[in-house]
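Notes to accompany the following structure.
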Amino acid sequence: MLRRNIRLRREYLYRKNLEGKERLLYEKKRKIKQALEDGKPIPTELRNEEAALRQEIDLEDENTAVPRTHIDDEYAHAMERDPKILLTTSRNPSAPLKQFVKELTIVFPNAQRMNRGGQVISEIIETCRAHDFTDVILVHEHRGVPDGLIVSHLPFGPTAYFGLLNVVTRHDIKDKKAIGTMPEAYPHLILNNFSTKLGQRTANILKHLFPVPKPDTKRIVTFANQSDYVSFRHHLYEKDGGPKSVELKEIGPRFELRLYQVKLGTVDQTEAQIEWVIRPYMNTSKKRKFIGD
Amino acid sequence: MVNSEEAGLQVLRRLKSTDPPTWLAPNPSLAQDARAASLHLFSSLQPFAPKSPFDRLLVDGFDAEQIWQQIDLQSQPLLSGLRRELRRFEKNPAEISDLFGGGEAPEGKGKGRGGGVDDLGGEGMEVDGFVELDEDGDSDGEEDGEGGAEERGVEGGESGESEEGEEERNDVGIEDKFLKIKELKEYLQKDEAREYGLEDGSKKNKKEKKTVASDSDEEEEEDEEEEEGDDDDDDDDELGEFDVDDEDDGGMGKLGSARYEDFFGGKKEKVAPRKYRSSDGLESSTDDEGEENGADGNKGNHNLSTHEKELLDLKAKIEQMEKSNLEPKTWTMQGEVTAAKRPKNSALEVDLDFEHNARPAPVITEEVTASLEELIRNRILEGHFDDVEKPPSLPTKAPREIKELDENKSKRGLAEIYEEEYAQRTNLASAPLSFSDELKKEASLLFKKVCLKLDALSHFHFAPKPIIEDMSIQANVPALAMEEIAPLAVSDAAMLAPEEVFAGKGNIKDETELTQADRKRRRAKKKRINKAEATKRMAKKGRETALNRSEGKEE
């Protein structure tokens with residue numbers, strides 16, 4: 001495992017190094033493509049390399065056409081495997097928090113819960129890497145009310161720190177019969193209004209917590225963004241016959257997520273580079289929307 | 001008469017005794033009783049009402065509104081008189097006992113009052129005259145049964161009456177237990193005396209007389225106001241304002257009626273002493289500046305002019321502000337205040353207001369939930385989800401080559417084909433190219449390169465380079481490189497010995513180390529070489545062109 005890690009690290013550095021050159025190449029290819037499409041003569045600076053580049057353009061497929069950045073690279077291979085999630089809490093969780101984590105374990109398919117006990121974060125991350133987990137989710141609380149969610153993608157992936165608001169858990173709803181059981185099929189996802197670059201990044205992070213679903217599942221998980229507050233909703237739907245009517249039944253917890261930090265490392269890497277952090281004391285932060293409209 | 005009285009009283013008693021809930025539903029008998037009762041009351045008031053147009057209340061066939069208005073017409077003038085009486089009694093409670101002492105006194109007083117009322121109602125008469133006109137119009141309206149005109153006329157009548165009532169007893173309209181016009185008047189007088197420096201004793205007396213005298217003045221003025229008021233659509237408030245203006249005017253009138261002599265006495269006699277006194281006042285004021293209560297002390301001297309008084313005021317204010325500037329500020333005015341610097345729990349009492357720069361958390365209302373569900377429904381109907389998509393998997397098997405059957409007759413005979421095959425099998429040395437296809441050759445070349453790179457990435461163990469025929473052999477690498485136990489990952493540059501990198505003799509100088517003479521030498525050398533080359537080229541060209549020409553000529 002050590003050697004694998006070394007190799008991965010070297011690959012990463014190599015690719016990061018190549019990024020600049022690749023970008024140049026990509027630019028040149030793009031210019032040639034543009035000139036060919038427009039029917040214009042190829043720009044003079046590319047005349048010498050034109051033949052070689054033309055050949056490469058012909059041989060390209062959709063994977064190679066786009067220049068890769070090291071930032072979203074973490075999810076490059078994520079789509080090939082189903083995600084495997086580990087859920088834990090902060091230390092000494094209260095009973096409502098434990099219930100909430102249990103619910104979340106059912107919400108995320110292929111997720112496991114672990115008692116926190118007295119473990120240190122770095123230990124947790126090490127064991128997760130060893131057991132091939134793709135994501136770790138930590139849930140924090142304040143006097144029984146869950147108030148923090150940390151989603152960390154594992155092989156050195158990005159970590160997103162969310163604050164939770166307006167949490168309504170299934171346990172709060174006393175009437176068990178009304179709410180029924182939660183199905184465990186892989187759900188469809190709806191990500192609404194993640195329009196900026198940061199929004200796309202957050203959407204990516206949240207998206208890759210779920211596996212590829214079957215097209216006919218009845219379970220829907222929604223992340224809807226409204227002025228930087230992302231609402232999480234979990235529904236079951238029924239299509240009543242022909243007339244375009246869809247009946248929604250809400251199951252599962254509902255809460256609002258508020259992103260306050262994205263780091264380019266895992267949770268235990270405290271000196272990792274910060275990709276984005278919220279700045280609430282800036283005078284214009286009220287007017288700006290970072291995730292969507 | 002008695003019978004009707006009795007009947008009326010009976011009716012009243014009956015009305016009084018009915019249960020309150022019965023009033024909620026319309027009850028014709030109760031209505032009848034009410035009408036009878038109001039009739040009785042009207043007639044009992046009739047002797048005291050000054051000149052009411054109705055001798056008795058017209059009840060039959062009239063609307064509630066109309067009955068009320070008749071009652072109003074009768075009672076409005078009464079009301080003002082009654083109120084006056086009440087106030088008088090308030091002031092002199094002794095009179096009440098007088099009233100009840102004499103049996104006939106009430107009547108006589110009543111008459112006297114009536115007379116008094118008539119006095120005021122002297123104008124009241126005039127007003128009544130107006131009102132009558134209106135009422136005639138009213139009655140015409142009523143008879144004709146034109147609701148609109150009637151209402152307007154009635155309204156005019158009403159407002160006229162209300163105006164009259166208001167203005168006649170302007171105090172009554174505004175006064176309540178807090179505001180008393182008399183007190184207001186007194187206060188105004190005192191204040192003006194203070195401001196304008198009228199002497200207390202004589203001036204007050206004069207004013208009192210003037211108030212008494214100007215009562216009639218006021219009322220005359222009010223009359224005029226009334227007449228104006230009649231014409232407009234008035235609110236009571238506006239009339240109230242008129243009243244206040246009246247007051248002010250009256251007040252100013254009182255002061256306005258003061259003359260030069262009041263301030264400065266006789267023009268010749270008292271000017272000098274007055275001036276002296278006023279200057280005295282000034283000096284005293286300057287002396288008293290030091291005092292904190294200087295202003296008040298100086299105001300004791302009423303002989304300061306208005307301007308001087310204003311100056312004193314200003315000075316007092318300035319002093320006070322300067323003093324407060326010197327004191328330490330309250331904690332709310334200080335900049336950064338920690339809990340230790342302010343009194344306990346004082347932050348709870350202050351209304352703190354600051355801008356929050358973060359948007360507040362959204363409240364999840366019904367509408368929000370409904371809109372979210374709408375969104376979800378639409379997405380479901382469209383079938384547009386943001387799921388993770390499976391990446392396009394690389395083909396594990398190469399696509400099968402579809403061998404096209406060539407239907408043309410083969411150019412080579414069968415024997416020749418067999419011959420080649422045999423040769424191939426036996427002659428391994430001269431093995432022709434196993435790959436017939438150029439592309440395949442190229443692909444295998446590329447693949448070998450990739451494999452080399454991957455090997456370099458994955459381990460430091462050396463694997464010899466594959467023998468690729470077209471690969472250019474680096475001249476720089478010595479032959480022993482192939483067998484060196486150096487890791488592949490080390491760059492080629494390190495494999496070369498320094499002599500192999502650069503073989504040169506003599507004193508090698510860098511560009512920056514050259515002197516001027518050296519540079520000149522180098523330049524000259526370059527030029528020589530270039531010149532030589534140029535001549536060579538020219539010679540070549542000359543020969544070529546000559547050849548061409550000759551060839552051309554030959555042709």
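Identifiers in the structure tokens: chain A, B, ... in order shown; residue index from 1 per chain; ligand index from 1 in order shown.
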
Using only C-alpha atoms, tabulate the residues of chain A lying at most 8 Å from any atom of chain B, each with its closest atom pair and that distance in Å to one decimal, by chain and increasing residue number, as a tab-separated table.
```
residue	atom	partner	partner_atom	distance
A:Arg7	CA	B:Ser458	CA	6.8
A:Met79	CA	B:Lys390	CA	6.0
A:Glu80	CA	B:Pro391	CA	6.7
A:Leu165	CA	B:Ala361	CA	7.7
A:Asn166	CA	B:Ile364	CA	7.8
A:His188	CA	B:Asp387	CA	6.1
A:Leu189	CA	B:Asp387	CA	5.2
A:Ile190	CA	B:Asp386	CA	5.3
A:Leu191	CA	B:Asp386	CA	6.1
A:Lys207	CA	B:Val388	CA	6.4
A:His208	CA	B:Val388	CA	6.8
A:Phe210	CA	B:Val388	CA	7.3
A:Pro211	CA	B:Val388	CA	6.6
A:Val212	CA	B:Val388	CA	5.4
A:Pro213	CA	B:Asp387	CA	7.3
A:Thr222	CA	B:Ile376	CA	7.6
A:Ala224	CA	B:Leu372	CA	7.7
A:Tyr229	CA	B:Pro362	CA	7.6
A:Lys244	CA	B:Leu381	CA	7.1
A:Val246	CA	B:Arg377	CA	6.2
A:Leu248	CA	B:Glu373	CA	7.6
A:Pro280	CA	B:Ala358	CA	5.4
A:Tyr281	CA	B:Asn357	CA	6.0
A:Met282	CA	B:Asn357	CA	7.0
A:Asn283	CA	B:Asn357	CA	6.2
A:Thr284	CA	B:Asn357	CA	7.5
A:Ser285	CA	B:Asn357	CA	6.4
A:Lys286	CA	B:Asn357	CA	5.3
```

Any chance you can output those residues with N, CA, C and O atoms as a compact mmCIF listing (two decimals), in the first residue's frame?
```
# COMPACT_ATOMS: atom_id res chain seq x y z
N ARG A 7 3.35 5.79 -5.72
CA ARG A 7 3.08 5.91 -7.15
C ARG A 7 2.00 6.93 -7.42
O ARG A 7 2.11 7.76 -8.33
N MET A 79 -16.03 7.59 -10.72
CA MET A 79 -17.24 7.10 -11.36
C MET A 79 -17.13 5.64 -11.73
O MET A 79 -18.10 5.01 -12.08
N GLU A 80 -15.93 5.14 -11.65
CA GLU A 80 -15.80 3.74 -12.06
C GLU A 80 -16.21 2.78 -10.96
O GLU A 80 -16.51 1.63 -11.20
N LEU A 165 -28.76 23.70 9.21
CA LEU A 165 -29.79 24.55 9.82
C LEU A 165 -31.14 23.91 9.62
O LEU A 165 -31.33 23.15 8.67
N ASN A 166 -32.07 24.29 10.45
CA ASN A 166 -33.46 23.84 10.30
C ASN A 166 -33.54 22.34 10.11
O ASN A 166 -34.15 21.84 9.18
N HIS A 188 -32.45 8.73 -7.43
CA HIS A 188 -32.15 9.75 -8.43
C HIS A 188 -31.76 11.01 -7.70
O HIS A 188 -32.18 11.27 -6.58
N LEU A 189 -30.97 11.83 -8.37
CA LEU A 189 -30.48 13.05 -7.74
C LEU A 189 -31.00 14.27 -8.48
O LEU A 189 -31.06 14.27 -9.71
N ILE A 190 -31.34 15.31 -7.70
CA ILE A 190 -31.68 16.58 -8.33
C ILE A 190 -30.80 17.64 -7.69
O ILE A 190 -30.85 17.85 -6.49
N LEU A 191 -30.00 18.29 -8.51
CA LEU A 191 -29.15 19.37 -8.00
C LEU A 191 -29.57 20.63 -8.72
O LEU A 191 -29.35 20.77 -9.92
N LYS A 207 -22.59 15.07 -5.48
CA LYS A 207 -23.06 14.07 -6.43
C LYS A 207 -22.34 12.75 -6.24
O LYS A 207 -22.93 11.69 -6.32
N HIS A 208 -21.05 12.84 -6.00
CA HIS A 208 -20.27 11.61 -5.94
C HIS A 208 -20.40 10.87 -4.64
O HIS A 208 -19.68 9.90 -4.39
N PHE A 210 -23.22 9.51 -4.16
CA PHE A 210 -24.26 8.56 -4.53
C PHE A 210 -23.80 7.74 -5.71
O PHE A 210 -23.09 8.23 -6.58
N PRO A 211 -24.25 6.49 -5.78
CA PRO A 211 -23.84 5.65 -6.91
C PRO A 211 -24.76 5.88 -8.10
O PRO A 211 -25.74 6.61 -8.04
N VAL A 212 -24.43 5.18 -9.18
CA VAL A 212 -25.25 5.29 -10.39
C VAL A 212 -26.56 4.56 -10.15
O VAL A 212 -26.57 3.37 -9.84
N PRO A 213 -27.69 5.25 -10.30
CA PRO A 213 -28.96 4.59 -9.99
C PRO A 213 -29.53 3.87 -11.20
O PRO A 213 -29.13 4.08 -12.33
N THR A 222 -32.95 15.51 -3.23
CA THR A 222 -32.84 16.83 -3.85
C THR A 222 -31.90 17.71 -3.06
O THR A 222 -31.99 17.79 -1.84
N ALA A 224 -31.33 21.57 -3.37
CA ALA A 224 -31.76 22.78 -4.08
C ALA A 224 -31.11 23.99 -3.44
O ALA A 224 -31.23 24.20 -2.24
N TYR A 229 -27.96 28.86 0.42
CA TYR A 229 -28.43 27.85 1.37
C TYR A 229 -28.99 26.68 0.58
O TYR A 229 -29.94 26.82 -0.18
N LYS A 244 -50.36 14.14 -16.25
CA LYS A 244 -49.03 14.43 -15.72
C LYS A 244 -49.11 14.81 -14.25
O LYS A 244 -48.89 15.95 -13.89
N VAL A 246 -47.80 13.82 -10.43
CA VAL A 246 -46.81 13.08 -9.69
C VAL A 246 -47.08 13.30 -8.21
O VAL A 246 -47.21 14.44 -7.76
N LEU A 248 -45.85 13.17 -4.48
CA LEU A 248 -44.60 13.12 -3.73
C LEU A 248 -44.88 12.81 -2.28
O LEU A 248 -45.79 13.36 -1.69
N PRO A 280 -17.94 36.18 6.06
CA PRO A 280 -19.19 36.84 6.44
C PRO A 280 -19.01 38.27 6.90
O PRO A 280 -19.96 39.02 6.92
N TYR A 281 -17.78 38.67 7.24
CA TYR A 281 -17.63 40.03 7.76
C TYR A 281 -17.21 41.01 6.70
O TYR A 281 -16.96 42.17 6.97
N MET A 282 -17.19 40.58 5.45
CA MET A 282 -16.88 41.51 4.37
C MET A 282 -18.14 42.29 4.05
O MET A 282 -19.23 41.74 4.08
N ASN A 283 -17.96 43.54 3.73
CA ASN A 283 -19.15 44.38 3.59
C ASN A 283 -20.03 43.98 2.43
O ASN A 283 -21.23 44.17 2.46
N THR A 284 -19.44 43.44 1.38
CA THR A 284 -20.25 43.13 0.21
C THR A 284 -20.75 41.70 0.21
O THR A 284 -21.38 41.28 -0.75
N SER A 285 -20.45 40.96 1.27
CA SER A 285 -20.83 39.54 1.20
C SER A 285 -22.33 39.36 1.19
O SER A 285 -22.83 38.34 0.74
N LYS A 286 -23.04 40.37 1.66
CA LYS A 286 -24.50 40.24 1.64
C LYS A 286 -25.03 40.25 0.22
O LYS A 286 -26.03 39.65 -0.11
```

* Neighbour list for Lys197 (chain A) as a PyMOL selection string, cut-off 12 Å, only C-alpha atoms, skip fewer than 5 positions in-chain -> chain A and resi 71-72+202-204+275-276+289-293

Would you output that residue set with C-alpha atoms, as a short mmCIF file (atom, residue, chain, number, x, y, z; two decimals), in the first residue's frame?
```
data_model
loop_
_atom_site.label_atom_id
_atom_site.label_comp_id
_atom_site.auth_asym_id
_atom_site.auth_seq_id
_atom_site.Cartn_x
_atom_site.Cartn_y
_atom_site.Cartn_z
CA ILE A 71 -8.46 20.20 -9.02
CA ASP A 72 -11.38 18.08 -10.07
CA THR A 202 -20.02 21.61 -4.51
CA ALA A 203 -22.47 19.82 -6.75
CA ASN A 204 -19.71 17.46 -7.79
CA GLU A 275 -9.93 26.39 -2.01
CA TRP A 276 -12.70 28.64 -0.74
CA LYS A 289 -24.01 34.75 -4.04
CA PHE A 290 -21.28 32.21 -4.24
CA ILE A 291 -23.00 28.99 -5.10
CA GLY A 292 -25.83 30.00 -7.37
CA ASP A 293 -28.20 32.80 -8.18
#
```

Contact residues around His153 (chain A) with only C-alpha atoms at 8 Å, ignoring same-chain residues under 4 positions, as a compact mmCIF listing (two decimals) with N, CA, C and O atoms, in the first residue's frame:
```txt
# COMPACT_ATOMS: atom_id res chain seq x y z
N THR A 134 -14.43 5.56 -0.08
CA THR A 134 -14.25 6.73 -0.95
C THR A 134 -14.55 8.04 -0.22
O THR A 134 -14.03 9.08 -0.58
N ASP A 135 -15.43 7.98 0.80
CA ASP A 135 -15.79 9.24 1.48
C ASP A 135 -15.96 9.00 2.97
O ASP A 135 -16.35 7.91 3.39
N VAL A 136 -15.68 10.05 3.73
CA VAL A 136 -15.92 10.03 5.17
C VAL A 136 -16.80 11.24 5.49
O VAL A 136 -16.52 12.35 5.02
N GLY A 157 -8.81 13.60 -1.35
CA GLY A 157 -9.79 14.40 -2.08
C GLY A 157 -10.13 15.71 -1.39
O GLY A 157 -9.60 15.99 -0.33
N PRO A 158 -11.07 16.47 -1.92
CA PRO A 158 -11.43 17.72 -1.28
C PRO A 158 -12.33 17.45 -0.08
O PRO A 158 -13.01 16.43 -0.01
N THR A 159 -12.32 18.41 0.84
CA THR A 159 -13.19 18.34 2.01
C THR A 159 -14.10 19.54 1.99
O THR A 159 -13.64 20.67 1.83
N ILE A 205 -19.07 17.40 -5.48
CA ILE A 205 -18.78 16.72 -4.21
C ILE A 205 -20.01 15.97 -3.72
O ILE A 205 -19.93 14.82 -3.30
N THR A 266 -7.66 16.11 2.77
CA THR A 266 -8.63 15.41 3.60
C THR A 266 -8.74 16.11 4.95
O THR A 266 -8.06 17.09 5.21
```

* Computed interatomic separation between CA of Val168 (chain A) and CA of Pro146 (chain A) (Å) ->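 Separating CA of Val168 (chain A) from CA of Pro146 (chain A) is a distance of 9.6 Å.
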
* To do: Could you give me, as a list in words, the residues within 8 Å of Pro67 (chain A), counting only C-alpha atoms and dropping anything in the same chain fewer than 2 positions from it?
  => Glu19, Glu22, Arg23, Tyr26, Thr64, Ala65 and Thr69 of chain A

* Quote the spacing between CA of Lys541 (chain B) and CA of Lys526 (chain B) in Å to one decimal place. =>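 These atoms are spaced 22.3 Å apart.
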
* To do: Find the residues near Asn115 (chain A): any atom within 10 Å, counting only C-alpha atoms, skip ones fewer than 6 places away on the same chain, and give them as a list in words.
  =>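 Result of the neighbour search: Leu87, Thr88, Thr89, Ser90, Arg91, Asn92, Pro93 and Lys98 of chain A.
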
The selected residues should be written to file as an mmCIF file, in the first residue's frame (atoms: N, CA, C and O atoms).
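Dumped to again10.cif:
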```cif
data_model
loop_
_atom_site.group_PDB
_atom_site.id
_atom_site.type_symbol
_atom_site.label_atom_id
_atom_site.label_comp_id
_atom_site.auth_asym_id
_atom_site.auth_seq_id
_atom_site.Cartn_x
_atom_site.Cartn_y
_atom_site.Cartn_z
ATOM 1 N N LEU A 87 -19.681 6.997 8.080
ATOM 2 C CA LEU A 87 -20.290 8.103 8.830
ATOM 3 C C LEU A 87 -19.865 8.028 10.282
ATOM 4 O O LEU A 87 -19.933 6.973 10.900
ATOM 5 N N THR A 88 -19.413 9.186 10.809
ATOM 6 C CA THR A 88 -19.130 9.224 12.244
ATOM 7 C C THR A 88 -19.575 10.555 12.802
ATOM 8 O O THR A 88 -19.987 11.449 12.071
ATOM 9 N N THR A 89 -19.411 10.667 14.114
ATOM 10 C CA THR A 89 -19.823 11.901 14.775
ATOM 11 C C THR A 89 -18.614 12.533 15.435
ATOM 12 O O THR A 89 -17.511 12.022 15.374
ATOM 13 N N SER A 90 -18.876 13.641 16.081
ATOM 14 C CA SER A 90 -17.853 14.200 16.952
ATOM 15 C C SER A 90 -17.793 13.327 18.209
ATOM 16 O O SER A 90 -18.568 12.389 18.339
ATOM 17 N N ARG A 91 -16.914 13.666 19.111
ATOM 18 C CA ARG A 91 -16.794 12.823 20.305
ATOM 19 C C ARG A 91 -17.968 13.010 21.239
ATOM 20 O O ARG A 91 -18.584 14.068 21.274
ATOM 21 N N ASN A 92 -18.284 11.979 21.985
ATOM 22 C CA ASN A 92 -19.394 11.989 22.959
ATOM 23 C C ASN A 92 -20.677 12.517 22.354
ATOM 24 O O ASN A 92 -21.189 13.565 22.751
ATOM 25 N N PRO A 93 -21.205 11.820 21.387
ATOM 26 C CA PRO A 93 -22.430 12.335 20.772
ATOM 27 C C PRO A 93 -23.621 12.126 21.689
ATOM 28 O O PRO A 93 -23.658 11.201 22.481
ATOM 29 N N LYS A 98 -27.004 10.694 17.520
ATOM 30 C CA LYS A 98 -26.815 9.309 17.090
ATOM 31 C C LYS A 98 -27.968 8.874 16.204
ATOM 32 O O LYS A 98 -27.770 8.196 15.182
#
```

* Residue list (alpha helix (DSSP H), DSSP) for region 52-240 of chain A, as number ranges by chain -> A: 52-59, 62-65, 95-107, 121-130, 176-179, 197-207

* Between A:Val101, A:Met1, A:Leu259, A:Leu206, single out the one closest to Glu126 (chain A), counting only C-alpha atoms. =>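 Closest residue, counting only C-alpha atoms: A:Met1.
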